[in-house]
Structures are given as structure tokens and as C-alpha cells.
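Everything on this sheet refers to the single structure shown next.
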Amino acid sequence: MAKLKFNENVCNTCPTADCLVKCQYMKFDRSEAHDEMMKIVRGEDSRVLHDCVTCYACEEYCPRGAHPYYLISERREEKAIYTAPRPITNQWINMTQMQGKPMIGAVSDKALSCCFIPALGELGSGEIFKDVASAMVLGAEFMCPAVHTHFARMSVVKERLPKVVNNFVKLGVKEVICLHDECYGTYTSIAPAYGIDVPFKPVYYMDFLLKRLNELKNQIKPLNIKAAYQRPCSNRLIPNKHHLVKEILHLIGVELPDRKYQDGNALCCGEMLRAVAGYKVANDIQQSNIQDMLEVGTDYCVFNCPACQTSLSEKVSKRGLKPVHIIDLCKMAIGENKKEVGGDE
Amino acid sequence: MSDIFKSLLGIIGERGVSNTPEELWFYSRDPGVLTPHLPDFVVAPKTTEQIQKVIQLANQEKIPIVPMGNGMALTGLVIPLKGGIVIDMKRMNRVLEVNEKARYAVVEGGTSQGVLKAFLQDHFPHLRHSLPDAPPATTIAANVALHGQGRLTQQYGFNSDMVTGLEVVLPTGEICRIGSPSLGPYWFSKSPSLPDLSGLFLGWLGTTGILTKVGLKLYPNKKMRDVELFVTDRVELVSEILYKLTHLEMLEDINIWFQPMPLVFKDNYHITIYFTGDTEEEIEFKRKMIWDAVQEFIDTKDAGFMGLGYMKGTLLETPQRSLAAFADVPKGGGFEYSGPITLIEFFPQYAAKVIELAKKYQLLYASSARVISGGHSMMFSISFAFNRADSAMMTRVKEALSEATEFALDMGGLPWKPNFVEQKMTLERMDPNTRKLLEMVKKTLDPQGIMNPGNWEVS
């Protein structure tokens, strides 16, 4: 089984300990942060192993690419310090088992990966995706297993990821367009961290989206709306791609007013927080986040991840914000989506 | 044309009487596994007086009478075991009165759950009744006659506990009012402060009379409704969790269910918790109380709240259609269950029995339970889906359900809406003096034994 390639000297010599100093859910000064991280590196107990809410953000905060989040999750599993209640953890493991029932479209050298999320199949359609929509693949066989990091079940990640990669290889694809940040993050961050070879080119859907919007520039009618963006946890695995959101939204006339909980300070949608840290923490975080969106005068809450959208849609709607996936906004901008965002057809 | 048919035509009119083979075929069966049996006639009366005349005729001719709502009890309660006249109540489907301030409704004996729900939504949106998770076409009178349950049973008891008065045509033809309507125009109490005569009809499965009017309690219909799903993999914790939840005294409904497929449900016991409120604050307050009540099980990692996602809409449906979907998993649309009323503390034993029976009889199971009256008891459903085109599978279901009833009786439970075989099993174990009392009541009310014969037959 694959093993995390972790260079402890990177942490030992770290001048900032930003991985923990910047954490929004645990408080440390620099000295304590360094000490706690080194305990984790040495395989000792640390309060981090008990209190981490699995927001992934330390993967972004680490300035030296050391993968602190993967290490924390590894140590938790080694010490059986599990995050969520056992039946919830096992439910995720059970429901994402490969059952030999994938949906595979007309795949040639490209595949459009919908992970294990049917809603992505609907999003990956229309003019923007016209050349790749038929190459859609969906199912546990093509699901990136990153979600199990939330439950400190790195063994599941390590067992399943090579199989998922192999399933793509068996399709003969050269490129996999990932409609879920978690997939792209898995192939470009988790896989190399564990020395798992990915013999195809993962393509981030926002790169694809930006390229297509530029090709369709003449059809774009600026939406002229103000929105808040809900950054997903898995985007922390690929922070170099975060800028694409602003570029895309700028292109379609969506203003993103500056707010407190954006970019590096983005807050979790609450879906996993509920399971890992409980209702009160999740609710507080969600309310702070939504209040922040409202205070800067936005009308829309833009999602990147369907799980975030499921988690927050009802709550933002109740506060008067319209929930919408960024792909739907792009479709609206090219006059394709007749759907009133956040409402019915 | 027989004399009886002519008489029925005279009473009901041409459009409400049939003895054609194709119509009798439909009235000979229900959706469960019991063997069909043809009636001789079917009538669909429109008035209490027509029912009275049909019963007088039946007494005169000594011909059985089988009252029928929508025939969806699944346990063969409307199968005319000894032929006779099926009285289909569906044309008596009016909501006669709603007393808004006293929160009760009076409906005719064939009024469906869906009709009352729609009527209240249109005219009294702040009121509701205890809607069962049966198809909307099932009737209110049949539901209370078999001690049915509904969405408000956790709070207020069996739906039959919510009856506020009855009009009944007795097996000897008299029209009789029970409770406050026997003394005046109001339908606010089925018994207090009178002797409780409603017990002569509720739970008797149509063997002691035909309910032609039912008074039913209504309850506040809050503006919002929400749901949480708490899961554990330790079956022995279920009753403790329910004890904590019912202590809150603020939950609309609590259902517990488990099934092996799809895999998202494997190995876990799911507790669906419904709650209502008029404001967002009330909803969130109740949600917080629910989380606090079960926090200890979360702290030990033995249980947790499941993210609902796409399931939320399904769970909030009233009635829920997911049961019908389960029935068609093996294709062929068959579904039947044994639903004993029992103590919540026996949940682990019942759960183990379901799994044992499913394995033994090679059946697909899905089991659910509903908390009754704040935790005094529960209805535990031992449910099996089957293919109607597969007679061997139907036989296995029949045997499994029979064994389930034996088990429930061994555990001191009460079979709910038992079929005629289960009724016999129940009577055999009943205290002899209680059985004798049942017999005395039945003989007194129905001296000729014409009412739904084959059911609750003591002798």
C-alpha cells in the first residue's frame, strides 16, 4: 500500500508554522504550533489530533508543501483517533464502495469525470461542454476517495485511489476533466504525496471553463450581479487554481465584493463540520459565513462544490441569497440557462 | 337476477351495485399475500340509511357483510372470507364539519385521508390530522377501526385515540351515535364523561358495525417542518436514544428503520426525527435541543447525525412514497408486513428476528418502527417485499410473517391489524376470561354473525 512521502526536516526547520498558526478552528502561537506539529511528526499525541475539524486549509497554509493535513490524518488513523461517529464514517465507506455499476459514456481520449455525484452530470452539459459531455463517467469506480480523509481513514484512500486511477487507465484516456475540485486535488496533490502514479492528464474544470468562455466570448452577456463565493475544502489542495474563480466571474460580469471569509480565510460549508465537530460548531460557522456574505451586499452565493451547495443552499436561501453553481452562472451568461437561479424552471 | 340483487338495486340504485365477475374479482383480494375469495355482491352506498337497509337485508337473508374502505390494510381484512356483500364506502366521502376552535372534524365513513388533508389545506391551513404513511386513498374510518397510526401518533397516541365521536350502523341495523354526539350536536368527545362505547368498534376490524361518521381530533399545523436523521450501528442503544428524544416532549414523529440496501444504509439503525415550528427560531431551538439530547452518543462516537442531502425531500413527504418504492425492489409490487405493537426496549430482539427471518426465507427486508405516544410503545414493522408473479416467494413471505407473529406473541406483543390466521393465534393465547368477554360482546352485537365473518371469531 502507498505510503505518505513526508520529509520531517521540512517541518523541523519551518520558520512560520503557518499550518497551525493560520488555522481558523484551533488557536496557537507560533511556538506552540511548531511544538504540536513536531509531536505529530514524531508520532506522539497532540491536541491537533483531537480537535482538527478537517477543513484541509493547512495544506494551503503550509508554505513549504509538506502536506500537514495528510500527516495529521495518518496519525489519527494510526492512533484510532477517529473524527466522526463510527456509523457515519462507515456509512461513507460503504456507500462509496465500487459495485461494478459505473456509468460510462462515449469515452475516447478524454473523459468528463462526474466523480460519484450525479448532479455533476447535469452541470457538465450544454454549449460549454458540448464536445466532452458524451464522455461523461460517473460512479464509485471513478470517485476520488479524498472524502475519507475527513474521517481519518487514509487506508481507504490508499487502497482505493490506485484502483480509481487504474479504472481510468482501462478506459484508455489521456485526459480526465475533473468537475469536482476533490478529484483534481486527489490526482495532483494526494497521489503525488503518496507516490501514486497518475498516467493521464487531470484537467481542472475551471481551466476548461475559462478556455471555453473565452471561445464563446461573443455570446457572453454580463450578468451584472454581486455574489459571494463559497470556497470548498478541496480547493485547499490546489490553491494555485483559486485565482480562476475570479477570472471566470469577472468574464461573465459577476462582482465579488471583498469580504472577511474569502480566499485563505474562507470558511467551511459546514457539511463535514456537522459530522466531525457537531451541530453547534457547524451552525456557528455557517451563520458567520452567511452574515459575512450579506454584509457586503451580495445577492448570490456561488458554489464550486455540489456538496457545499447541498449543505448551504437552504440556509442561504432563507437569508435571501440565491444559491447557484458557478457552471450554471456561466450558462446563464451565454444565454443558455433559462432557469431562474436558485428557483424552479 | 336473484332476489337479493334486485333488493340491493332497490336500495342503492343501479350505479352502486354489481355482481359482474370482473368487478367481483377486484373485490376478492387485497395487495397482501392472502388467498382471494369472491364476494357475491358489491354495493357502494351514498347514505347511512342505505347501509342500514343493506344490513337489514343481510340479516333477513343471513348473508355476510364486509365493510371496506380502500382495502389497503394488506392483511386481508376486506377479503370476503365467506362471500356475501362487500360494502364499499368510498362514495361516502364528505367532510361534514370542522369545528375550528375545538379542533375537530366530522367526516363520512368513506372519506379518504387525502380528501381530509386537501380540505384542511384549502379551508383550515393551520389545522391538520394525523396522516398515516398509507396511500392518500385509504380511509379515515378504516384507519381508526384498526387502531392505525399517523404522523402525530408519537405525540398523541394511536389515531383511534383521536376519535371524538362515532356514528355506527350496528350489525342488527340500528343507527347508533357514540360519545358527545349521542347527546347533542357537538362531536368533541367519544367517551368522557360517559361509558366508553367506542371500544365496541375501534380495533374490531369491522366485525361489530359499520362506521358511517367519524369525529376526529385536529391539531395545530405549524408553518415549518424539518427532519434530522440520527444513526447508530449499535442496536442496543436504540431504546436509550429514543428515551432521551421522547423526554424532550417536542417532537412530531420518530421513526426507526434499517435495511441492507442500498449500501448507504448498511449496518446502521436510522432514527428519523421530525419536528415543527412557526418560526426559524423555533425550528433551530428544537434542532439544538435534539442534538443536546443525544450528544452523549455522539461523544462516544457510537452515533451521529447523517447529512440528508437529496433525502430530505423524501423524508418530509406526507405520506411517504418510499414504502411503495421498496415494494417494487424485487419487481412485481408485492409488500406485506407484520406490525406488532410492543415495548421499545425490545427493539434489538425484533431487529434480530427480522434479519433471521429474511435469511431463513430468502427475502428482502426493510424494517421500520414508529414511536407511539411519547414512548409507551412502538409499532415494529417486519416488512417483506415480494413478486406477485412468484407464488413460491409469496408462500415464503406468508410463512415468515406467520413466524414473526408467533415471535411477537412470545415477546408479549400485540399483533397490529392481524389477518384471520394471526387473529386465531392471538385468541388462542388470550386470557380465557378476556376471550369470553370478547365473545359475549360480539354475540350481543352481531347475533347472526354476519359482520365480516372469519375475523375475530372467538368460537
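Residue numbers start at 1 in each chain; chains themselves are named A, B, ... in the order of the C-alpha cells; ligands are numbered from 1 in the order shown.
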Residues of chain A within 8 Å of chain B: nearest atom pair and distance (Å, one decimal) for each, counting only C-alpha atoms, sorted by chain and number, as a Markdown table?
```
| residue | atom | partner | partner_atom | distance |
| --- | --- | --- | --- | --- |
| A:Ala84 | CA | B:Lys301 | CA | 6.7 |
| A:Pro85 | CA | B:Lys301 | CA | 3.8 |
| A:Arg86 | CA | B:Lys301 | CA | 5.5 |
| A:Pro87 | CA | B:Asp233 | CA | 5.5 |
| A:Ile88 | CA | B:Gly304 | CA | 6.3 |
| A:Gln91 | CA | B:Val264 | CA | 5.4 |
| A:Trp92 | CA | B:Val264 | CA | 7.0 |
| A:Asn94 | CA | B:Leu263 | CA | 5.5 |
| A:Met95 | CA | B:Val264 | CA | 4.3 |
| A:Glu271 | CA | B:Gly307 | CA | 7.0 |
| A:Arg274 | CA | B:Phe305 | CA | 7.8 |
| A:Ala275 | CA | B:Phe305 | CA | 6.6 |
| A:Tyr279 | CA | B:Trp291 | CA | 7.1 |
| A:Lys280 | CA | B:Lys288 | CA | 7.6 |
| A:Thr310 | CA | B:Gly309 | CA | 5.8 |
| A:Ser311 | CA | B:Gly309 | CA | 7.2 |
```
Inset, instruction - Excluding B:Leu427 and any residue of its chain fewer than 6 positions from it, enumerate the residues within 10 Å of it, using only C-alpha atoms, and give them as an MDAnalysis selection string. - result: chainID B and resid 421 434:435 438 456:459
Output of the above residues as a PDB file, in the first residue's frame, restricted to C-alpha atoms:
```
ATOM      1  CA  VAL B 421     -54.810 -16.542  10.987  1.00  0.00           C
ATOM      2  CA  THR B 434     -60.977 -11.929  28.186  1.00  0.00           C
ATOM      3  CA  ARG B 435     -61.703 -14.170  25.233  1.00  0.00           C
ATOM      4  CA  LEU B 438     -64.978 -10.714  23.504  1.00  0.00           C
ATOM      5  CA  TRP B 456     -62.225 -12.067  15.379  1.00  0.00           C
ATOM      6  CA  GLU B 457     -64.160 -15.321  15.518  1.00  0.00           C
ATOM      7  CA  VAL B 458     -63.848 -16.484  19.079  1.00  0.00           C
ATOM      8  CA  SER B 459     -65.747 -19.687  18.777  1.00  0.00           C
TER       9      SER B 459
END
```
Inset, instruction - Provide the atom CA of B:Val107 to atom CA of B:Thr139 distance in Å, to one decimal place. - result: 10.2 Å
Residues near A:Leu273, anyone? I mean within 8 Å using only C-alpha atoms, not counting same-chain ones fewer than 6 positions away, as a PDB file with N, CA and C atoms, in the first residue's frame.
```pdb
ATOM      1  N   VAL A  53     -10.741  19.948  12.639  1.00  0.00           N
ATOM      2  CA  VAL A  53     -12.076  19.749  12.062  1.00  0.00           C
ATOM      3  C   VAL A  53     -12.007  19.287  10.598  1.00  0.00           C
ATOM      4  N   THR A  54     -10.817  19.048  10.110  1.00  0.00           N
ATOM      5  CA  THR A  54     -10.587  18.506   8.748  1.00  0.00           C
ATOM      6  C   THR A  54     -11.020  19.469   7.647  1.00  0.00           C
ATOM      7  N   TYR A 279     -23.205  19.964  15.584  1.00  0.00           N
ATOM      8  CA  TYR A 279     -24.153  20.933  15.049  1.00  0.00           C
ATOM      9  C   TYR A 279     -23.809  22.359  15.447  1.00  0.00           C
ATOM     10  N   VAL A 281     -20.967  23.913  16.328  1.00  0.00           N
ATOM     11  CA  VAL A 281     -19.825  24.489  15.623  1.00  0.00           C
ATOM     12  C   VAL A 281     -20.209  24.744  14.164  1.00  0.00           C
ATOM     13  N   ALA A 282     -20.828  23.745  13.551  1.00  0.00           N
ATOM     14  CA  ALA A 282     -21.206  23.892  12.136  1.00  0.00           C
ATOM     15  C   ALA A 282     -22.176  25.048  11.954  1.00  0.00           C
TER      16      ALA A 282
END
```
Inset, instruction - Report the residues of stretch 294-407 of chain B whose backbone DSSP state falls under strand (DSSP E or B), written as an MDAnalysis selection string. - result: chainID B and resid 303:305 333:338 341:342 364:372 377:387
Go ahead and save the residues from that selection, with N, CA and C atoms, as a CSV table (one decimal), in the first residue's frame.
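Saved the output as result.csv:
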```
chain,number,residue,atom,x,y,z
B,303,ALA,N,-22.8,7.1,17.6
B,303,ALA,CA,-24.0,7.5,16.8
B,303,ALA,C,-23.7,8.9,16.3
B,304,GLY,N,-24.4,9.3,15.3
B,304,GLY,CA,-24.2,10.7,14.8
B,304,GLY,C,-25.3,11.0,13.8
B,305,PHE,N,-25.3,12.3,13.5
B,305,PHE,CA,-26.3,12.8,12.6
B,305,PHE,C,-25.8,12.7,11.1
B,333,GLY,N,-44.2,-5.8,-7.3
B,333,GLY,CA,-45.0,-4.9,-6.5
B,333,GLY,C,-45.7,-5.4,-5.3
B,334,GLY,N,-45.2,-6.5,-4.7
B,334,GLY,CA,-45.8,-7.1,-3.5
B,334,GLY,C,-45.2,-6.6,-2.2
B,335,PHE,N,-46.0,-6.4,-1.2
B,335,PHE,CA,-45.4,-5.9,0.0
B,335,PHE,C,-46.4,-6.2,1.2
B,336,GLU,N,-45.9,-6.8,2.2
B,336,GLU,CA,-46.7,-7.0,3.4
B,336,GLU,C,-45.9,-7.0,4.6
B,337,TYR,N,-46.5,-6.6,5.7
B,337,TYR,CA,-45.7,-6.6,6.9
B,337,TYR,C,-46.6,-7.0,8.1
B,338,SER,N,-45.8,-7.5,9.1
B,338,SER,CA,-46.4,-7.8,10.4
B,338,SER,C,-46.0,-6.6,11.3
B,341,ILE,N,-47.4,-4.3,18.0
B,341,ILE,CA,-47.2,-3.2,19.0
B,341,ILE,C,-46.5,-3.8,20.2
B,342,THR,N,-45.4,-3.2,20.6
B,342,THR,CA,-44.6,-3.8,21.6
B,342,THR,C,-43.8,-2.7,22.4
B,364,LEU,N,-36.2,-10.2,0.9
B,364,LEU,CA,-35.7,-8.8,1.0
B,364,LEU,C,-36.4,-8.1,2.1
B,365,TYR,N,-35.7,-7.6,3.1
B,365,TYR,CA,-36.4,-6.9,4.2
B,365,TYR,C,-36.1,-5.4,4.2
B,366,ALA,N,-37.1,-4.7,4.8
B,366,ALA,CA,-36.9,-3.4,5.2
B,366,ALA,C,-37.7,-3.2,6.4
B,367,SER,N,-37.2,-2.8,7.5
B,367,SER,CA,-37.9,-2.8,8.7
B,367,SER,C,-38.0,-1.3,9.3
B,368,SER,N,-39.2,-1.0,9.8
B,368,SER,CA,-39.3,0.3,10.4
B,368,SER,C,-40.2,0.2,11.6
B,369,ALA,N,-40.0,1.2,12.5
B,369,ALA,CA,-40.8,1.2,13.7
B,369,ALA,C,-41.2,2.7,14.0
B,370,ARG,N,-42.4,2.8,14.6
B,370,ARG,CA,-42.8,4.2,15.0
B,370,ARG,C,-43.0,4.3,16.5
B,371,VAL,N,-42.5,5.3,17.1
B,371,VAL,CA,-42.7,5.5,18.5
B,371,VAL,C,-44.2,6.0,18.7
B,372,ILE,N,-44.8,5.3,19.7
B,372,ILE,CA,-46.2,5.7,19.9
B,372,ILE,C,-46.3,6.4,21.3
B,377,SER,N,-45.0,2.7,23.8
B,377,SER,CA,-44.8,1.5,23.0
B,377,SER,C,-44.3,1.9,21.6
B,378,MET,N,-44.2,1.0,20.7
B,378,MET,CA,-43.8,1.2,19.3
B,378,MET,C,-44.6,0.2,18.5
B,379,MET,N,-44.8,0.6,17.2
B,379,MET,CA,-45.2,-0.3,16.2
B,379,MET,C,-43.9,-0.7,15.5
B,380,PHE,N,-43.6,-2.0,15.5
B,380,PHE,CA,-42.4,-2.5,14.8
B,380,PHE,C,-42.8,-3.3,13.6
B,381,SER,N,-42.5,-2.7,12.5
B,381,SER,CA,-42.9,-3.4,11.2
B,381,SER,C,-41.8,-4.3,10.7
B,382,ILE,N,-42.3,-5.6,10.5
B,382,ILE,CA,-41.4,-6.6,9.9
B,382,ILE,C,-41.9,-6.7,8.5
B,383,SER,N,-41.2,-6.1,7.6
B,383,SER,CA,-41.7,-5.9,6.2
B,383,SER,C,-40.9,-6.7,5.2
B,384,PHE,N,-41.7,-7.3,4.3
B,384,PHE,CA,-41.0,-8.1,3.2
B,384,PHE,C,-41.7,-7.7,1.9
B,385,ALA,N,-40.8,-7.5,0.9
B,385,ALA,CA,-41.3,-7.2,-0.5
B,385,ALA,C,-41.3,-8.5,-1.3
B,386,PHE,N,-42.2,-8.7,-2.2
B,386,PHE,CA,-42.3,-9.9,-3.0
B,386,PHE,C,-42.8,-9.6,-4.4
B,387,ASN,N,-42.6,-10.6,-5.2
B,387,ASN,CA,-43.0,-10.5,-6.6
B,387,ASN,C,-44.4,-11.3,-6.7
```
Inset, instruction - For B:Thr164, please output as number ranges by chain all residues within 8 Å (counting only C-alpha atoms; exclusion window: fewer than 6 positions along the same chain). - result: B: 104, 179-180, 187-191, 214-217
Just write the chosen residues, N, CA and C atoms, as a compact mmCIF listing (two decimals), in the first residue's frame.
```
# COMPACT_ATOMS: atom_id res chain seq x y z
N TYR B 104 -61.77 19.86 15.84
CA TYR B 104 -62.15 18.50 15.41
C TYR B 104 -62.87 18.58 14.07
N GLY B 179 -70.63 8.75 22.11
CA GLY B 179 -69.95 9.91 22.67
C GLY B 179 -70.84 11.13 22.67
N SER B 180 -70.21 12.32 22.65
CA SER B 180 -70.99 13.56 22.77
C SER B 180 -72.08 13.70 21.70
N TRP B 187 -69.35 17.17 18.48
CA TRP B 187 -68.58 15.92 18.34
C TRP B 187 -67.21 16.08 19.01
N PHE B 188 -67.21 16.47 20.27
CA PHE B 188 -65.93 16.78 20.90
C PHE B 188 -65.38 15.66 21.77
N SER B 189 -66.17 14.63 22.08
CA SER B 189 -65.66 13.59 22.97
C SER B 189 -66.30 12.24 22.66
N LYS B 190 -65.48 11.24 22.49
CA LYS B 190 -66.02 9.91 22.21
C LYS B 190 -66.47 9.21 23.49
N SER B 191 -66.02 9.65 24.63
CA SER B 191 -66.45 9.00 25.85
C SER B 191 -66.55 9.93 27.05
N VAL B 214 -67.30 9.70 11.47
CA VAL B 214 -66.20 9.69 12.46
C VAL B 214 -65.87 11.13 12.82
N GLY B 215 -65.85 11.39 14.12
CA GLY B 215 -65.31 12.67 14.60
C GLY B 215 -63.84 12.46 14.91
N LEU B 216 -63.01 13.42 14.52
CA LEU B 216 -61.56 13.22 14.63
C LEU B 216 -60.90 14.49 15.13
N LYS B 217 -59.99 14.32 16.08
CA LYS B 217 -59.27 15.48 16.59
C LYS B 217 -58.34 16.05 15.51
```
